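To be precise, the following lines are model_21.txt, and they hold compact mmCIF, C-alpha atoms.
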# COMPACT_ATOMS: atom_id res chain seq x y z
CA ILE A 1 0.00 0.00 0.00
CA MET A 2 1.37 3.37 -1.03
CA PHE A 3 0.12 6.84 -0.08
CA GLY A 4 0.45 10.18 -1.79
CA PHE A 5 -0.46 13.44 -0.13
CA ALA A 6 -0.88 17.08 -1.08
CA SER A 7 -1.94 20.22 0.77
CA ASN A 8 -2.41 23.84 -0.22
CA GLU A 9 -0.39 25.07 2.79
CA THR A 10 2.63 25.88 0.60
CA LYS A 11 3.33 26.66 -3.04
CA GLU A 12 4.92 23.21 -3.33
CA PHE A 13 1.60 21.69 -2.22
CA MET A 14 3.41 20.10 0.70
CA PRO A 15 2.75 20.31 4.44
CA ALA A 16 4.28 23.48 5.84
CA ALA A 17 6.21 21.83 8.68
CA ILE A 18 8.37 19.54 6.52
CA THR A 19 8.76 22.24 3.86
CA TYR A 20 10.33 24.63 6.36
CA ALA A 21 12.31 21.89 8.10
CA ARG A 22 13.87 20.99 4.75
CA LEU A 23 14.53 24.66 4.05
CA LEU A 24 16.48 24.94 7.30
CA CYS A 25 18.28 21.66 6.74
CA ASP A 26 19.40 22.68 3.26
CA LYS A 27 20.66 26.03 4.58
CA VAL A 28 22.75 24.49 7.35
CA TYR A 29 23.91 21.64 5.13
CA GLU A 30 25.19 23.96 2.40
CA TYR A 31 27.07 25.96 5.01
CA ALA A 32 28.54 22.81 6.54
CA LYS A 33 29.74 21.56 3.16
CA ALA A 34 31.41 24.89 2.44
CA HIS A 35 32.91 25.17 5.96
CA PRO A 36 34.07 21.69 7.04
CA HIS A 37 36.46 23.34 9.49
CA GLU A 38 33.39 24.43 11.48
CA LEU A 39 30.41 22.11 11.05
CA GLY A 40 29.74 18.49 10.12
CA VAL A 41 26.91 17.35 7.85
CA ASP A 42 24.94 15.06 10.19
CA ILE A 43 22.22 17.71 10.53
CA LYS A 44 18.75 17.37 11.99
CA THR A 45 15.94 19.91 11.78
CA GLN A 46 12.37 20.00 13.00
CA VAL A 47 9.65 22.63 12.71
CA THR A 48 6.44 22.69 14.76
CA LEU A 49 3.55 24.83 13.59
CA ASP A 50 0.79 26.38 15.68
CA TYR A 51 -2.58 26.34 13.93
CA GLY A 52 -4.45 27.92 16.80
CA SER A 53 -7.50 25.73 16.37
CA LYS A 54 -8.63 22.39 14.98
CA ASP A 55 -10.58 24.25 12.32
CA ASN A 56 -7.46 26.04 11.11
CA PHE A 57 -5.56 22.75 11.00
CA GLU A 58 -8.27 21.06 8.99
CA ASN A 59 -8.35 23.99 6.58
CA CYS A 60 -4.56 24.20 6.15
CA LYS A 61 -4.12 27.59 7.85
CA PRO A 62 -1.08 27.64 10.14
CA LEU A 63 -0.81 30.75 12.30
CA LYS A 64 2.86 30.72 13.22
CA ILE A 65 6.01 28.67 13.58
CA HIS A 66 5.91 27.63 17.21
CA THR A 67 9.20 25.75 17.64
CA ILE A 68 12.38 25.17 15.64
CA VAL A 69 14.96 22.52 16.46
CA VAL A 70 18.32 22.39 14.70
CA SER A 71 21.21 20.13 15.64
CA ALA A 72 24.55 19.97 13.85
CA PRO A 73 27.97 18.59 14.79
CA CYS A 74 31.00 20.82 15.05
CA VAL A 75 34.77 20.55 15.20
CA GLU A 76 36.49 19.93 18.53
CA SER A 77 37.70 23.50 18.88
CA MET A 78 34.28 25.17 18.56
CA SER A 79 32.32 26.04 21.69
CA ILE A 80 28.60 25.38 22.04
CA GLU A 81 28.04 29.14 22.30
CA LYS A 82 29.70 29.64 18.93
CA VAL A 83 27.71 26.78 17.38
CA ARG A 84 24.44 28.28 18.58
CA GLU A 85 25.37 31.75 17.38
CA LEU A 86 26.37 30.41 13.97
CA ILE A 87 23.28 28.28 13.43
CA GLY A 88 21.04 31.05 14.80
CA GLY A 89 22.33 33.29 12.03
CA LEU A 90 21.65 30.60 9.43
CA ILE A 91 18.07 30.26 10.68
CA ASP A 92 17.63 34.01 10.23
CA GLU A 93 18.94 33.79 6.66
CA ALA A 94 17.04 30.66 5.62
CA GLY A 95 14.04 32.50 4.19
CA LEU A 96 11.30 31.31 6.50
CA PRO A 97 8.01 33.11 5.75
CA LYS A 98 7.82 36.37 7.68
CA GLU A 99 4.11 35.98 8.31
CA LEU A 100 4.81 32.76 10.25
CA PHE A 101 8.28 33.27 11.72
CA ASN A 102 8.94 35.82 14.44
CA LYS A 103 12.33 35.20 16.02
CA ASN A 104 11.28 36.89 19.24
CA GLU A 105 8.25 34.63 19.65
CA THR A 106 9.42 31.33 18.17
CA ILE A 107 10.98 28.82 20.54
CA ILE A 108 14.35 27.89 19.07
CA TYR A 109 16.47 24.96 20.24
CA ILE A 110 19.95 24.72 18.77
CA ASN A 111 21.87 21.59 19.77
CA PRO A 112 19.68 21.25 22.87
CA THR A 113 21.71 18.28 24.16
CA GLY A 114 24.92 20.28 23.85
CA ARG A 115 27.90 20.15 21.55
CA TYR A 116 28.75 16.97 19.69
CA VAL A 117 31.82 16.23 17.61
CA ASN A 118 31.57 12.51 16.84
CA HIS A 119 28.56 11.77 14.69
CA SER A 120 26.88 9.73 11.95
CA SER A 121 28.06 6.22 11.16
CA LEU A 122 31.52 7.12 12.44
CA HIS A 123 30.08 7.13 15.93
CA ASP A 124 26.56 5.67 16.06
CA SER A 125 25.74 1.98 16.09
CA GLY A 126 22.36 0.59 15.10
CA LEU A 127 21.63 3.16 12.41
CA THR A 128 18.08 2.79 11.17
CA GLY A 129 18.63 3.83 7.56
CA ARG A 130 16.63 6.37 5.59
CA LYS A 131 13.57 7.62 7.43
CA LEU A 132 10.34 7.16 5.45
CA ILE A 133 8.70 10.12 7.18
CA VAL A 134 11.57 12.43 6.22
CA ASP A 135 11.48 11.06 2.68
CA SER A 136 7.78 11.78 2.27
CA PHE A 137 5.36 14.11 4.09
CA GLY A 138 6.71 14.60 7.57
CA GLY A 139 3.99 12.71 9.42
CA TYR A 140 1.05 14.60 7.88
CA SER A 141 -0.02 11.56 5.90
CA PRO A 142 -0.04 7.78 6.26
CA ILE A 143 2.95 6.13 4.64
CA GLY A 144 3.38 2.74 3.01
CA GLY A 145 5.50 0.03 4.55
CA GLY A 146 8.23 0.05 1.91
CA ALA A 147 11.13 2.48 1.68
CA GLN A 148 11.84 4.32 -1.55
CA SER A 149 15.55 5.10 -1.42
CA SER A 150 16.42 1.40 -1.14
CA LYS A 151 14.18 0.30 -4.05
CA ASP A 152 14.50 0.70 -7.79
CA TYR A 153 11.77 2.23 -9.92
CA THR A 154 10.25 -1.13 -10.91
CA LYS A 155 9.04 -1.57 -7.32
CA VAL A 156 5.74 0.07 -6.48
CA ASP A 157 7.18 1.07 -3.09
CA ARG A 158 8.89 3.82 -5.06
CA SER A 159 6.87 4.27 -8.25
CA GLY A 160 3.51 3.94 -6.48
CA LEU A 161 4.42 6.80 -4.14
CA TYR A 162 5.29 8.98 -7.13
CA ALA A 163 2.00 8.22 -8.89
CA ALA A 164 -0.07 8.76 -5.75
CA ARG A 165 1.67 12.06 -5.05
CA TRP A 166 1.13 13.21 -8.66
CA ILE A 167 -2.59 12.48 -8.40
CA ALA A 168 -3.00 14.08 -4.97
CA LYS A 169 -1.10 17.18 -6.08
CA HIS A 170 -3.30 17.57 -9.14
CA ILE A 171 -6.49 17.25 -7.09
CA VAL A 172 -5.36 20.04 -4.75
CA ALA A 173 -3.81 22.23 -7.45
CA ALA A 174 -7.03 21.94 -9.49
CA ASN A 175 -8.83 23.41 -6.45
CA LEU A 176 -10.93 20.28 -6.02
CA ALA A 177 -9.84 20.01 -2.37
CA LYS A 178 -7.59 21.73 0.16
CA LYS A 179 -5.73 18.53 0.99
CA CYS A 180 -5.82 15.00 -0.27
CA ILE A 181 -4.57 11.50 0.49
CA VAL A 182 -4.40 9.01 -2.38
CA GLN A 183 -3.99 5.34 -1.44
CA LEU A 184 -2.91 2.75 -3.98
CA SER A 185 -2.89 -0.94 -3.09
CA TYR A 186 -1.08 -3.53 -5.17
CA ALA A 187 -0.79 -7.33 -5.16
CA ILE A 188 2.38 -9.10 -6.25
CA GLY A 189 2.00 -10.30 -9.82
CA VAL A 190 -0.98 -8.01 -10.56
CA ALA A 191 -0.05 -4.97 -12.64
CA ARG A 192 -2.98 -2.66 -11.91
CA PRO A 193 -3.73 -1.59 -8.36
CA VAL A 194 -6.35 -3.72 -6.63
CA SER A 195 -7.60 -0.65 -4.79
CA VAL A 196 -7.61 3.11 -5.39
CA SER A 197 -8.89 5.41 -2.67
CA VAL A 198 -9.01 9.21 -2.49
CA ASP A 199 -9.61 10.87 0.88
CA CYS A 200 -9.85 14.66 0.95
CA MET A 201 -10.56 14.71 4.69
CA GLY A 202 -13.75 16.69 4.20
CA THR A 203 -12.05 19.52 2.27
CA HIS A 204 -13.36 18.72 -1.22
CA ILE A 205 -15.44 21.33 -3.00
CA LYS A 206 -19.13 21.09 -3.76
CA GLY A 207 -19.84 18.87 -6.73
CA VAL A 208 -17.18 16.26 -6.03
CA ASP A 209 -16.59 13.85 -3.20
CA ASP A 210 -14.11 11.12 -2.32
CA GLU A 211 -16.04 8.45 -4.22
CA ILE A 212 -16.26 10.52 -7.40
CA LEU A 213 -12.54 11.30 -7.24
CA SER A 214 -11.61 7.68 -6.50
CA ASN A 215 -13.60 6.45 -9.50
CA PHE A 216 -12.17 9.19 -11.69
CA VAL A 217 -8.61 8.10 -10.88
CA LEU A 218 -9.40 4.40 -11.24
CA GLU A 219 -11.07 4.87 -14.63
CA ASN A 220 -8.54 7.24 -16.19
CA PHE A 221 -5.10 6.11 -15.07
CA PRO A 222 -3.80 2.54 -15.48
CA LEU A 223 -1.27 3.03 -12.65
CA THR A 224 0.69 -0.07 -13.62
CA PRO A 225 4.43 -0.05 -12.89
CA LYS A 226 5.08 0.29 -16.64
CA TRP A 227 2.61 3.17 -17.01
CA ILE A 228 4.19 4.99 -14.07
CA THR A 229 7.71 4.33 -15.39
CA ASP A 230 6.83 5.63 -18.85
CA LYS A 231 4.85 8.60 -17.52
CA PHE A 232 7.70 9.93 -15.39
CA GLU A 233 10.58 8.40 -17.37
CA LEU A 234 11.86 6.70 -14.25
CA ASP A 235 14.22 4.63 -16.38
CA LYS A 236 15.86 7.77 -17.81
CA PRO A 237 17.30 9.79 -14.91
CA SER A 238 19.50 12.69 -15.99
CA LYS A 239 20.94 15.96 -14.73
CA ASP A 240 18.24 17.78 -16.70
CA THR A 241 15.36 15.94 -15.00
CA PHE A 242 16.28 14.15 -11.78
CA LEU A 243 18.98 11.94 -10.34
CA TYR A 244 18.16 9.23 -7.84
CA ALA A 245 21.09 10.31 -5.66
CA ASN A 246 19.54 13.76 -5.29
CA VAL A 247 16.11 12.28 -4.61
CA ALA A 248 17.60 10.14 -1.85
CA ALA A 249 19.36 13.16 -0.35
CA HIS A 250 16.54 15.70 -0.50
CA GLY A 251 13.30 13.71 -0.27
CA GLN A 252 11.14 11.72 -2.65
CA VAL A 253 8.48 14.41 -3.04
CA GLY A 254 8.12 18.17 -2.89
CA ASN A 255 10.79 19.20 -5.38
CA PRO A 256 9.03 20.93 -8.31
CA ASN A 257 11.74 19.73 -10.70
CA TYR A 258 10.86 16.06 -10.31
CA PRO A 259 8.72 14.69 -13.18
CA TRP A 260 6.11 13.35 -10.73
CA GLU A 261 5.74 16.87 -9.33
CA LYS A 262 4.84 18.43 -12.68
CA LEU A 263 1.29 19.75 -12.94
CA ASP A 264 0.94 18.67 -16.55
CA SER A 265 -2.68 17.48 -16.45
CA LEU A 266 -4.48 20.20 -14.52
CA GLU A 267 -7.15 20.85 -17.13
CA PHE A 268 -7.95 17.16 -17.32
CA PHE A 269 -8.57 17.07 -13.56
CA LYS A 270 -10.61 20.26 -13.69
CA ASN A 271 -12.84 18.68 -16.32
CA ILE A 272 -14.28 16.39 -13.66
CA LEU A 273 -16.62 19.28 -12.81
CA LYS A 274 -18.03 19.48 -16.34
Step by step, read the file and then write its structure as structure tokens.
Amino acid sequence: IMFGFASNETKEFMPAAITYARLLCDKVYEYAKAHPHELGVDIKTQVTLDYGSKDNFENCKPLKIHTIVVSAPCVESMSIEKVRELIGGLIDEAGLPKELFNKNETIIYINPTGRYVNHSSLHDSGLTGRKLIVDSFGGYSPIGGGAQSSKDYTKVDRSGLYAARWIAKHIVAANLAKKCIVQLSYAIGVARPVSVSVDCMGTHIKGVDDEILSNFVLENFPLTPKWITDKFELDKPSKDTFLYANVAAHGQVGNPNYPWEKLDSLEFFKNILK
């Protein structure tokens, strides 16, 4: 079972929390790569949003960034005070939305457990591998049981996620719903999904509902591994489209340059209302 998700909280149609956590992570990571004499690259970021009310959460309206956590290793000679000052400056420069981020109000934890020099596989035993939540939607959506970064494109663990995300993103971008979960279920040896389910969590517009959307997807898209491979040219990675190494490093979804993130069928989805 694979799940795709989309939300109108950000221009990427991704949940706001993971979008801003990735923004921070990329900022600190780029600095660490350019300044190995200061920081290491085993970086962790987390963003917690305050929606103010259940209604705001259900309608994808965050009010503010409540808490930021950033942890990064440093060289032996750097003090924890210097680490926190440095990373605090990077947070300021990361480009968090001003309407959500107020440095004087946001709780910010930088290396809350203190300074650490030894890190990553050089130091830690029992590493769990790539986190599925980090790779996908940051806990806003159910996830399938299979990882993507350890699978090739012929496995629906990877390709099914891409197809489900493409569908969910189109449903939201076509203004048919504010957020959407698409579930695809497959059986080994059966090319087409045995189940297709669309759940807009009560945010769909008048004139469509989850059943109509589910049937629309089932009737119009084969969703076989070959169809998905051909649709997104998963067998033809390149610097001009996508590279699997970059996908593994920066997340399976949410990058507008990925083929499965392209909104190339918006009018077709909008036609469901006609």
In terms of the shortest atom-to-atom distance over only C-alpha atoms, which of A:Asp210, A:Ala94, A:Ala147, A:Thr48 is closest to Glu30 of chain A? A:Ala94
Within 8 Å of Tyr258 of chain A, counting all atoms listed in the file, which residues qualify if same-chain residues fewer than 4 places away don't, as a ChimeraX atom specification? /A:241-242,253,262
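Ranking A:Glu233, A:Pro193, A:Phe3, A:Asn257 by their shortest atom-to-atom distance to Glu219 of chain A, with only C-alpha atoms included, puts A:Pro193 first.
All polymer residues at most 12 Å from (21.7, 31.6, 13.9), using all atoms listed in the file, appear as Leu24, Lys27, Val28, Tyr31, Ile68, Val69, Val70, Ser71, Ala72, Glu81, Lys82, Val83, Arg84, Glu85, Leu86, Ile87, Gly88, Gly89, Leu90, Ile91, Asp92, Glu93, Ala94, Lys103, Ile108, Tyr109, Ile110 and Asn111 of chain A.
In this model, the gap between atom CA of Leu100 of chain A and atom CA of Ala16 of chain A comes to 10.3 Å.
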Find the spatial neighbours of segment 151-154 of chain A, counting all atoms listed in the file, within a cut-off of 12 Å - ignore same-chain residues fewer than 6 positions away - and output them as a list in words. Arg130, Gly160, Leu161, Tyr162, Ala163, Ala191, Thr224, Pro225, Lys226, Trp227, Ile228, Thr229, Asp230, Phe232, Glu233, Leu234, Asp235, Lys236, Pro237, Tyr244, Ala245, Ala248 and Gln252 of chain A
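Between Gly139 of chain A and the residues A:Val47, A:Val198, A:Ala32, A:Ile188, the shortest atom-to-atom distance, using all atoms listed in the file, involves A:Val47.
Among A:Thr67, A:Thr10, A:Gln46, A:Asn220, the residue with the shortest atom-to-atom distance to Asn102 of chain A, counting all atoms listed in the file, is A:Thr67.
In this model, the gap between atom CA of Ile1 of chain A and atom CA of Ala249 of chain A comes to 23.4 Å.
Here atom CA of Pro142 of chain A and atom CA of Lys231 of chain A stand 24.3 Å from one another.
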Under the rule that only C-alpha atoms are counted, which of A:Asp42, A:Asp135, A:Asp157, A:Glu76 is the nearest residue to Ala187 of chain A? A:Asp157
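Between Ile181 of chain A and the residues A:Ile143, A:Val156, A:Ile205, A:Val134, the shortest atom-to-atom distance, using only C-alpha atoms, involves A:Ile143.
Selection around (0.6, 17.8, -11.9) with radius 10 Å, counting only C-alpha atoms, yields the residues Arg165, Trp166, Ile167, Ala168, Lys169, His170, Ile171, Val172, Ala173, Ala174, Pro256, Pro259, Trp260, Glu261, Lys262, Leu263, Asp264, Ser265, Leu266, Glu267 and Phe269 of chain A.
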Surrounding residues of Asp199 of chain A excluding itself and chain neighbours under 3 positions, 9 Å, all atoms listed in the file, as a ChimeraX atom specification: /A:179-183,202,204,209-211,213-214
